[in-house]
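upload-v3.csv, holding CSV, C-alpha atoms:
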chain,number,residue,atom,x,y,z
C,1,MET,CA,6.9,26.3,-13.1
C,2,ARG,CA,10.2,24.6,-13.0
C,3,PHE,CA,10.4,20.9,-13.7
C,4,ARG,CA,13.2,18.5,-13.6
C,5,ALA,CA,14.8,17.8,-17.0
C,6,ASP,CA,16.1,14.4,-16.0
C,7,PRO,CA,13.8,11.4,-15.2
C,8,VAL,CA,12.3,10.8,-11.8
C,9,ARG,CA,12.2,7.2,-10.6
C,10,VAL,CA,10.0,6.2,-7.7
C,11,ARG,CA,9.7,2.9,-5.8
C,12,VAL,CA,6.6,2.1,-3.8
C,13,PRO,CA,5.9,-1.0,-1.7
C,14,ALA,CA,3.0,-3.4,-1.6
C,15,THR,CA,0.8,-3.1,1.5
C,16,SER,CA,-1.5,-5.3,3.5
C,17,ALA,CA,-4.4,-3.4,5.2
C,18,ASN,CA,-6.8,-4.4,8.0
C,19,LEU,CA,-4.5,-7.1,9.3
C,20,GLY,CA,-7.6,-8.8,10.7
C,21,PRO,CA,-9.3,-6.6,13.2
C,22,GLY,CA,-7.9,-3.2,12.1
C,23,PHE,CA,-10.5,-2.6,9.5
C,24,ASP,CA,-9.8,0.5,7.3
C,25,ALA,CA,-7.2,1.7,9.9
C,26,LEU,CA,-4.1,-0.6,10.1
C,27,GLY,CA,-1.6,-1.1,7.3
C,28,LEU,CA,1.7,-2.9,6.9
C,29,ALA,CA,4.3,-2.2,4.2
C,30,LEU,CA,5.7,-5.3,2.4
C,31,GLY,CA,9.0,-5.7,0.6
C,32,MET,CA,7.5,-6.1,-2.9
C,33,TYR,CA,7.7,-3.1,-5.1
C,34,ASP,CA,6.4,-1.2,-8.1
C,35,GLU,CA,8.6,1.3,-9.8
C,36,LEU,CA,7.7,4.4,-11.9
C,37,GLN,CA,10.0,6.4,-14.0
C,38,VAL,CA,8.6,9.7,-15.4
C,39,ARG,CA,10.1,12.7,-17.3
C,40,PRO,CA,8.6,15.9,-18.8
C,41,THR,CA,8.5,16.0,-22.6
C,42,PRO,CA,7.8,18.7,-25.1
C,43,SER,CA,4.2,17.4,-25.7
C,44,GLY,CA,1.9,14.4,-25.5
C,45,LEU,CA,1.6,11.5,-23.1
C,46,THR,CA,3.3,8.1,-23.4
C,47,VAL,CA,2.8,5.3,-21.0
C,48,GLU,CA,4.8,2.0,-21.0
C,49,VAL,CA,3.8,-0.8,-18.6
C,50,VAL,CA,5.6,-4.0,-18.0
C,51,GLY,CA,5.0,-6.7,-15.4
C,52,GLU,CA,1.8,-7.3,-13.4
C,53,GLY,CA,-1.4,-6.1,-15.2
C,54,ALA,CA,0.5,-5.0,-18.3
C,55,ALA,CA,-2.1,-6.5,-20.6
C,56,LEU,CA,-5.0,-4.7,-18.9
C,57,VAL,CA,-3.6,-1.3,-17.7
C,58,PRO,CA,-4.6,1.6,-19.9
C,59,ARG,CA,-1.9,3.6,-21.7
C,60,ASP,CA,-3.8,7.0,-21.7
C,61,GLY,CA,-4.9,9.6,-19.3
C,62,THR,CA,-7.3,7.2,-17.5
C,63,ASN,CA,-4.2,5.2,-16.2
C,64,LEU,CA,-4.4,5.5,-12.4
C,65,VAL,CA,-0.7,6.6,-12.1
C,66,VAL,CA,-1.3,9.3,-14.7
C,67,ARG,CA,-4.4,10.5,-12.9
C,68,ALA,CA,-2.7,10.7,-9.6
C,69,LEU,CA,0.4,12.4,-11.1
C,70,ARG,CA,-1.7,15.0,-12.9
C,71,THR,CA,-3.9,15.7,-9.8
C,72,ALA,CA,-0.7,16.2,-7.7
C,73,LEU,CA,0.8,18.5,-10.4
C,74,ASP,CA,-2.4,20.6,-10.3
C,75,GLU,CA,-2.0,20.8,-6.5
C,76,LEU,CA,1.5,22.1,-7.1
C,77,GLY,CA,0.5,24.6,-9.7
C,78,GLY,CA,0.4,23.2,-13.2
C,79,GLN,CA,1.5,20.7,-15.8
C,80,PRO,CA,4.5,20.2,-18.1
C,81,PRO,CA,3.7,20.2,-21.8
C,82,GLY,CA,4.0,16.4,-22.0
C,83,LEU,CA,4.9,13.4,-19.9
C,84,ALA,CA,6.6,10.0,-20.6
C,85,LEU,CA,6.0,7.2,-18.0
C,86,THR,CA,7.4,3.8,-17.6
C,87,CYS,CA,5.7,1.6,-15.0
C,88,THR,CA,7.3,-1.6,-13.8
C,89,ASN,CA,4.7,-3.5,-11.8
C,90,ARG,CA,5.5,-6.4,-9.4
C,91,ILE,CA,2.5,-6.0,-7.1
C,92,PRO,CA,-0.3,-8.3,-8.1
C,93,HIS,CA,-3.5,-6.5,-9.2
C,94,GLY,CA,-6.9,-7.2,-7.6
C,95,ARG,CA,-5.4,-9.3,-4.9
C,96,GLY,CA,-5.7,-7.1,-1.8
C,97,MET,CA,-2.0,-6.1,-1.8
C,98,GLY,CA,-2.4,-2.4,-2.3
C,99,SER,CA,-1.7,-2.1,-6.0
C,100,SER,CA,-4.1,0.8,-6.5
C,101,ALA,CA,-2.6,2.7,-3.5
C,102,ALA,CA,0.9,2.0,-4.9
C,103,ALA,CA,-0.1,3.5,-8.2
C,104,ILE,CA,-1.6,6.5,-6.6
C,105,VAL,CA,1.3,7.1,-4.3
C,106,ALA,CA,3.8,6.6,-7.1
C,107,GLY,CA,2.1,9.3,-9.2
C,108,ILE,CA,1.9,11.8,-6.3
C,109,VAL,CA,5.5,11.3,-5.1
C,110,ALA,CA,6.8,11.5,-8.7
C,111,ALA,CA,4.9,14.8,-9.2
C,112,ARG,CA,6.5,16.1,-6.0
C,113,ALA,CA,9.9,15.2,-7.3
C,114,LEU,CA,9.3,16.7,-10.7
C,115,VAL,CA,8.6,20.1,-9.3
C,116,SER,CA,11.5,22.2,-8.0
C,117,ASP,CA,9.7,23.1,-4.7
C,118,GLY,CA,7.4,20.1,-4.6
C,119,GLY,CA,8.6,19.1,-1.1
C,120,THR,CA,7.2,22.2,0.4
C,121,GLY,CA,3.9,22.0,-1.5
C,122,LEU,CA,3.3,18.3,-0.8
C,123,ASP,CA,4.9,16.9,2.4
C,124,ASP,CA,4.2,13.3,3.5
C,125,ALA,CA,1.1,14.3,5.4
C,126,ALA,CA,-0.3,16.0,2.2
C,127,VAL,CA,0.6,13.0,0.1
C,128,ILE,CA,-1.3,10.8,2.5
C,129,ALA,CA,-4.3,13.1,2.4
C,130,LEU,CA,-4.4,13.5,-1.3
C,131,GLY,CA,-3.7,9.8,-2.0
C,132,SER,CA,-6.5,8.8,0.5
C,133,ALA,CA,-9.0,11.1,-1.3
C,134,LEU,CA,-8.2,9.4,-4.6
C,135,GLU,CA,-8.2,5.9,-3.1
C,136,GLY,CA,-11.2,6.4,-0.9
C,137,HIS,CA,-9.6,5.2,2.3
C,138,PRO,CA,-6.3,5.8,4.0
C,139,ASP,CA,-5.0,2.5,5.3
C,140,ASN,CA,-3.0,1.2,2.3
C,141,VAL,CA,-1.9,4.7,1.3
C,142,ALA,CA,-0.5,5.5,4.7
C,143,ALA,CA,1.6,2.3,4.8
C,144,CYS,CA,2.8,2.8,1.2
C,145,VAL,CA,4.0,6.4,1.9
C,146,LEU,CA,5.5,5.8,5.4
C,147,GLY,CA,6.5,2.2,5.4
C,148,GLY,CA,6.4,0.0,8.5
C,149,LEU,CA,3.2,-0.3,10.6
C,150,THR,CA,0.7,2.5,10.2
C,151,ILE,CA,-2.5,3.6,11.9
C,152,ALA,CA,-4.6,5.9,9.7
C,153,TRP,CA,-7.9,7.7,10.3
C,154,THR,CA,-10.0,10.5,8.8
C,155,PRO,CA,-11.3,13.1,11.3
C,156,ALA,CA,-14.8,14.3,10.6
C,157,GLY,CA,-14.8,17.1,8.1
C,158,SER,CA,-11.0,16.9,7.7
C,159,ARG,CA,-8.4,15.1,5.6
C,160,ALA,CA,-6.9,11.7,6.3
C,161,ARG,CA,-4.0,11.4,8.8
C,162,ALA,CA,-1.7,8.7,9.9
C,163,ILE,CA,1.1,7.8,12.3
C,164,ARG,CA,3.9,5.3,11.8
C,165,LEU,CA,5.1,2.7,14.2
C,166,GLU,CA,8.3,0.6,14.0
C,167,PRO,CA,7.2,-3.1,13.7
C,168,VAL,CA,9.0,-5.9,15.5
C,169,SER,CA,10.9,-8.5,13.5
C,170,VAL,CA,8.6,-11.1,11.9
C,171,ALA,CA,8.6,-13.3,8.8
C,172,LEU,CA,5.7,-12.9,6.3
C,173,VAL,CA,4.2,-15.1,3.7
C,174,VAL,CA,1.7,-13.9,1.2
C,175,PHE,CA,-0.5,-16.5,-0.5
C,176,VAL,CA,-1.8,-15.0,-3.8
C,177,PRO,CA,-4.6,-16.8,-5.5
C,178,ASP,CA,-4.7,-17.2,-9.3
C,179,SER,CA,-8.0,-15.2,-9.6
C,180,PRO,CA,-8.5,-11.6,-8.6
C,181,LEU,CA,-11.4,-10.1,-6.6
C,182,ALA,CA,-12.7,-6.6,-7.2
C,183,THR,CA,-12.6,-4.4,-4.1
C,184,GLU,CA,-16.1,-3.3,-4.8
C,185,THR,CA,-17.3,-6.9,-4.6
C,186,ALA,CA,-15.6,-7.4,-1.3
C,187,ARG,CA,-17.1,-4.1,0.1
C,188,ALA,CA,-20.6,-5.1,-1.1
C,189,ALA,CA,-20.5,-8.2,1.1
C,190,LEU,CA,-20.3,-6.1,4.3
C,191,PRO,CA,-23.5,-5.5,6.3
C,192,ASP,CA,-24.6,-2.0,7.3
C,193,LEU,CA,-24.9,-3.0,10.9
C,194,VAL,CA,-22.9,-5.4,13.2
C,195,HIS,CA,-23.5,-6.7,16.6
C,196,HIS,CA,-22.2,-4.7,19.5
C,197,ALA,CA,-20.4,-7.7,20.9
C,198,ASP,CA,-18.5,-8.2,17.7
C,199,ALA,CA,-17.5,-4.6,17.6
C,200,ALA,CA,-16.2,-4.8,21.1
C,201,VAL,CA,-14.1,-7.9,20.3
C,202,ASN,CA,-12.6,-6.2,17.3
C,203,ALA,CA,-11.8,-3.0,19.3
C,204,GLY,CA,-9.9,-5.0,21.8
C,205,ARG,CA,-8.1,-7.2,19.2
C,206,ALA,CA,-7.0,-4.2,17.2
C,207,ALA,CA,-5.5,-2.6,20.3
C,208,LEU,CA,-3.8,-5.9,21.1
C,209,LEU,CA,-2.5,-6.2,17.5
C,210,VAL,CA,-0.8,-2.8,17.7
C,211,ALA,CA,0.9,-3.8,20.9
C,212,ALA,CA,1.9,-7.2,19.4
C,213,LEU,CA,3.4,-5.8,16.2
C,214,ALA,CA,5.0,-2.7,17.8
C,215,GLY,CA,6.7,-4.7,20.5
C,216,GLY,CA,4.8,-2.9,23.3
C,217,HIS,CA,4.6,-6.1,25.4
C,218,PRO,CA,5.1,-7.5,28.0
C,219,ALA,CA,5.5,-4.8,30.6
C,220,LEU,CA,9.2,-5.1,31.4
C,221,ALA,CA,10.8,-3.8,34.6
C,222,GLY,CA,14.1,-2.1,34.9
C,223,GLY,CA,13.9,-0.3,31.5
C,224,ARG,CA,14.7,-3.4,29.4
C,225,ALA,CA,14.0,-3.2,25.7
C,226,ALA,CA,10.8,-4.6,24.2
C,227,PRO,CA,11.0,-8.0,22.4
C,228,ALA,CA,13.0,-8.0,19.2
C,229,GLU,CA,10.7,-10.6,17.6
C,230,VAL,CA,6.9,-10.9,17.6
C,231,ASP,CA,5.1,-13.2,20.0
C,232,ILE,CA,3.3,-15.5,17.6
C,233,ASP,CA,0.9,-16.8,20.2
C,234,LEU,CA,-0.1,-13.2,21.1
C,235,LEU,CA,-0.4,-12.3,17.5
C,236,LEU,CA,-2.7,-15.3,16.8
C,237,ALA,CA,-5.1,-13.9,19.4
C,238,ALA,CA,-4.6,-10.3,18.2
C,239,THR,CA,-5.5,-11.1,14.6
C,240,GLU,CA,-9.0,-12.4,15.3
C,241,ASP,CA,-11.6,-10.5,13.3
C,242,ARG,CA,-15.4,-10.4,13.3
C,243,LEU,CA,-16.2,-7.3,11.3
C,244,HIS,CA,-15.3,-8.1,7.7
C,245,GLN,CA,-13.7,-11.5,7.1
C,246,PRO,CA,-16.7,-13.7,8.0
C,247,TYR,CA,-18.9,-11.7,5.7
C,248,ARG,CA,-16.5,-11.9,2.8
C,249,ALA,CA,-15.9,-15.6,3.1
C,250,SER,CA,-18.5,-16.5,0.5
C,251,ALA,CA,-16.9,-14.2,-2.1
C,252,MET,CA,-13.5,-15.9,-1.5
C,253,PRO,CA,-14.1,-19.4,-0.2
C,254,ALA,CA,-10.6,-20.7,-1.0
C,255,SER,CA,-9.0,-17.8,0.9
C,256,ALA,CA,-11.3,-18.2,3.8
C,257,ALA,CA,-10.6,-21.9,4.0
C,258,LEU,CA,-6.8,-21.2,3.9
C,259,VAL,CA,-7.1,-18.6,6.7
C,260,ALA,CA,-9.1,-21.1,8.8
C,261,ASP,CA,-6.6,-23.9,8.2
C,262,LEU,CA,-3.6,-21.8,9.0
C,263,ARG,CA,-5.1,-20.5,12.2
C,264,ALA,CA,-6.1,-24.0,13.3
C,265,ARG,CA,-2.4,-24.8,13.0
C,266,GLY,CA,-1.5,-21.9,15.3
C,267,VAL,CA,-0.4,-19.6,12.4
C,268,PRO,CA,-1.6,-16.0,12.6
C,269,ALA,CA,-3.3,-15.5,9.2
C,270,VAL,CA,-5.6,-12.9,7.9
C,271,VAL,CA,-7.2,-11.9,4.6
C,272,SER,CA,-4.9,-9.2,3.1
C,273,GLY,CA,-6.9,-6.0,2.6
C,274,ALA,CA,-10.1,-6.8,0.8
C,275,GLY,CA,-8.7,-10.1,-0.4
C,276,PRO,CA,-8.4,-12.6,-1.8
C,277,SER,CA,-4.7,-12.9,-0.8
C,278,VAL,CA,-3.9,-14.3,2.6
C,279,LEU,CA,-1.1,-12.9,4.8
C,280,ALA,CA,0.5,-15.2,7.4
C,281,PHE,CA,3.0,-14.3,10.1
C,282,ALA,CA,5.7,-16.7,11.1
C,283,PRO,CA,8.8,-16.8,13.4
C,284,TRP,CA,12.1,-16.4,11.6
C,285,GLY,CA,13.3,-19.6,9.9
C,286,THR,CA,9.9,-21.1,9.4
C,287,ALA,CA,8.4,-19.0,6.6
C,288,HIS,CA,9.8,-21.2,3.9
C,289,ARG,CA,7.9,-24.2,5.3
C,290,LEU,CA,4.6,-22.3,5.1
C,291,ALA,CA,5.4,-21.1,1.6
C,292,GLU,CA,6.2,-24.6,0.4
C,293,ALA,CA,2.8,-25.8,1.7
C,294,ALA,CA,0.8,-23.4,-0.5
C,295,PRO,CA,-2.4,-25.1,-1.6
C,296,THR,CA,-3.4,-25.5,-5.2
C,297,GLY,CA,-4.5,-22.3,-6.8
C,298,PHE,CA,-2.2,-20.1,-4.7
C,299,ARG,CA,1.3,-18.7,-5.3
C,300,ALA,CA,3.3,-18.2,-2.1
C,301,TYR,CA,5.8,-15.3,-1.6
C,302,GLU,CA,8.1,-14.9,1.4
C,303,VAL,CA,8.3,-11.1,1.7
C,304,PRO,CA,10.2,-8.9,4.2
C,305,LEU,CA,8.7,-5.9,6.0
C,306,ASP,CA,9.3,-2.6,4.2
C,307,LEU,CA,10.5,0.1,6.6
C,308,ASP,CA,11.2,2.8,4.1
C,309,GLY,CA,7.9,3.5,2.3
C,310,ALA,CA,7.8,5.4,-1.0
C,311,ARG,CA,11.3,6.4,-2.1
C,312,ILE,CA,13.0,8.3,-4.9
C,313,LEU,CA,15.7,6.2,-6.7
C,314,PRO,CA,18.4,7.2,-9.2
C,315,PRO,CA,17.0,7.1,-12.7
C,316,THR,CA,17.9,4.0,-14.6
C,317,ASP,CA,19.9,5.8,-17.2
C,318,GLY,CA,22.1,7.4,-14.6
C,319,ASN,CA,21.7,10.9,-16.0
C,320,SER,CA,21.5,13.9,-13.7
C,321,SER,CA,20.5,17.4,-15.0
C,322,PRO,CA,19.8,20.7,-13.4
C,323,TRP,CA,16.3,22.2,-13.0
C,324,GLU,CA,14.8,23.6,-16.2
C,325,ASP,CA,12.0,26.1,-16.7
C,326,VAL,CA,9.2,24.5,-18.7
C,327,GLU,CA,6.1,26.5,-19.7
C,328,GLN,CA,2.8,25.1,-18.7
C,329,GLY,CA,1.3,23.1,-21.6
C,330,GLU,CA,-2.1,23.1,-23.1
C,331,GLY,CA,-3.1,20.0,-21.2
C,332,ALA,CA,-2.6,21.7,-17.9
C,333,ARG,CA,-5.8,22.0,-15.8
C,334,PRO,CA,-6.1,25.0,-13.5
C,335,GLU,CA,-8.7,23.5,-11.2
C,336,ARG,CA,-7.6,22.0,-7.9
C,337,PHE,CA,-8.4,18.6,-6.5
C,338,CYS,CA,-9.4,19.9,-3.0
Encoded form using structure tokens:
Amino acid sequence: MRFRADPVRVRVPATSANLGPGFDALGLALGMYDELQVRPTPSGLTVEVVGEGAALVPRDGTNLVVRALRTALDELGGQPPGLALTCTNRIPHGRGMGSSAAAIVAGIVAARALVSDGGTGLDDAAVIALGSALEGHPDNVAACVLGGLTIAWTPAGSRARAIRLEPVSVALVVFVPDSPLATETARAALPDLVHHADAAVNAGRAALLVAALAGGHPALAGGRAAPAEVDIDLLLAATEDRLHQPYRASAMPASAALVADLRARGVPAVVSGAGPSVLAFAPWGTAHRLAEAAPTGFRAYEVPLDLDGARILPPTDGNSSPWEDVEQGEGARPERFC
């Protein structure tokens, strides 16, 4: 195999999934980023982590970025003799902002960039499919790869798929609580069955939410353009949820109370992903007032929409080298993920 000799640097965005009614389907990319720089080495594995989660993230082969990177390299045909990684984390861990999806996507995209023909072996659709298999669901992964607003689904017996929509302009505030919540805990709070009436409400709200965020309203005559900014009143109705947030409230009472308070004030607010962070939508020029009113126990961030998704950046050292032939190392695993 032929691997790059110079480092590969990847930037991946935070994401907010569900967005209220779009459970396990809708995702939105946020302008808060993790970065990964990786290069092949003659042997071994070194992992440096700075920023969010640095005190807890493993520095060996169990690291999620490493696992995703090696899985993708196996898909592409093999492993270099060694790897050196530097992870710069800004996405809070265990807060429902897609940190695990970001780690997985960063590893896969870095693997694609390391291999001379990786783009043909792993296009964006394949990255989403592989990342979703590692993550367990596609909503955060799709938004992380593609940016913008995404709708993801997994056909029966097939791999995950996604489409991207261009979101209208809207200001975002993320309220991040001091304490994390394990996704497994949030998932365990969900019932096996829900009422048909609640499912019907969510189906309608999810469809309305796509229209609200993608600017597909109102029906305008004469070929005029869709609204440039989101309709906050419409978005408030569109973000109603009955499938997951009510059941998870007891696991994150402060977050549930914040969502209820914001919505009572006319602010479209939802639990971000599995929580416990809260995502609020606001008209331009008003987000700072929301952020300044963050309750005790929460940090507030004004974040832009991310429209780019995962991207390759120039390496921090500025070097650029041609492709080099590197023999497959002893640590290479011949088995394939799929």
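Within 9 Å of the point (11.8, 12.0, -17.0), counting all atoms listed in the file, the protein and nucleic acid residues come to Arg4, Ala5, Asp6, Pro7, Val8, Arg9, Gln37, Val38, Arg39, Pro40, Thr41, Leu83, Ala84, Leu85, Leu114 and Pro315 of chain C.
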Go ahead and write the selection's residues with C-alpha atoms as a compact mmCIF listing (two decimals), keeping the file's coordinate frame.
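Output (out-v4.txt):
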# COMPACT_ATOMS: atom_id res chain seq x y z
CA ARG C 4 13.20 18.50 -13.60
CA ALA C 5 14.80 17.80 -17.00
CA ASP C 6 16.10 14.40 -16.00
CA PRO C 7 13.80 11.40 -15.20
CA VAL C 8 12.30 10.80 -11.80
CA ARG C 9 12.20 7.20 -10.60
CA GLN C 37 10.00 6.40 -14.00
CA VAL C 38 8.60 9.70 -15.40
CA ARG C 39 10.10 12.70 -17.30
CA PRO C 40 8.60 15.90 -18.80
CA THR C 41 8.50 16.00 -22.60
CA LEU C 83 4.90 13.40 -19.90
CA ALA C 84 6.60 10.00 -20.60
CA LEU C 85 6.00 7.20 -18.00
CA LEU C 114 9.30 16.70 -10.70
CA PRO C 315 17.00 7.10 -12.70
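Separating atom CA of Pro80 of chain C from atom CA of Pro13 of chain C is a distance of 26.8 Å.
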Please list as a ChimeraX atom specification every residue within 9 Å of Glu184 of chain C, counting only C-alpha atoms and excluding residues in the same chain fewer than 4 positions away. /C:188-189,274
Nearest to Met32 of chain C by atom-to-atom distance, counting all atoms listed in the file, from C:Ser116, C:Thr316, C:Ser16, C:Thr46: C:Ser16
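In this structure, atom CA of Ala291 of chain C sits 12.4 Å away from atom CA of Leu258 of chain C.
Nearest to Ala17 of chain C of all the residues C:Leu243, C:Leu30, C:Val49, C:Val105 is C:Leu30, counting only C-alpha atoms.
If you measure from each of C:Asp198, C:Asp261, C:Asp117, C:Glu166 to Glu240 of chain C using all atoms listed in the file, the closest one turns out to be C:Asp198.
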Excluding segment 233-239 of chain C and any residue of its chain fewer than 3 positions from it, enumerate the residues within 8 Å of it, using only C-alpha atoms, and give them as an NGL selection string. :C and (19-21 or 205-206 or 208-209 or 212-213 or 230 or 263 or 266-270)
At a cut-off of 12 Å, using all atoms listed in the file, what residues contact segment 177-183 of chain C? Leave out same-chain residues fewer than 2 positions from it and give the result as an NGL selection string. :C and (53 or 92-100 or 135-137 or 174-175 or 185-190 or 248 or 250-256 or 258 or 271-279 or 294-301)
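Pairwise distance (atom CA of Ala29 of chain C, atom CA of Asp192 of chain C) equals 29.1 Å.
If all atoms listed in the file are the atoms counted, then among C:His288, C:Gly22, C:Pro155, C:Val10 the closest residue to Asn202 of chain C is C:Gly22.
Shell of Pro283 of chain C at 8 Å, with only C-alpha atoms counted and residues fewer than 6 places along the chain excluded, is Val170, Ala171, Glu229, Val230 and Ile232 of chain C.
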Using the selection just defined, write its residues with C-alpha atoms as a short mmCIF file (atom, residue, chain, number, x, y, z; two decimals), keeping the file's coordinate frame.
data_model
loop_
_atom_site.label_atom_id
_atom_site.label_comp_id
_atom_site.auth_asym_id
_atom_site.auth_seq_id
_atom_site.Cartn_x
_atom_site.Cartn_y
_atom_site.Cartn_z
CA VAL C 170 8.60 -11.10 11.90
CA ALA C 171 8.60 -13.30 8.80
CA GLU C 229 10.70 -10.60 17.60
CA VAL C 230 6.90 -10.90 17.60
CA ILE C 232 3.30 -15.50 17.60
#
Nearest to Thr86 of chain C, restricted to only C-alpha atoms and choosing among C:Leu36, C:Asn63, C:Ile104, C:Ser132, comes out as C:Leu36
Within 8 Å of Leu28 of chain C, counting all atoms listed in the file, which residues show up once you throw out same-chain ones fewer than 6 positions away? Write them as an MDAnalysis selection string, please. chainID C and resid 15:17 19 140 143 147:150 305
I'd like to know which of C:Val259, C:Val47, C:Ala249, C:Ala68 is closest to Ala106 of chain C, using only C-alpha atoms. C:Ala68
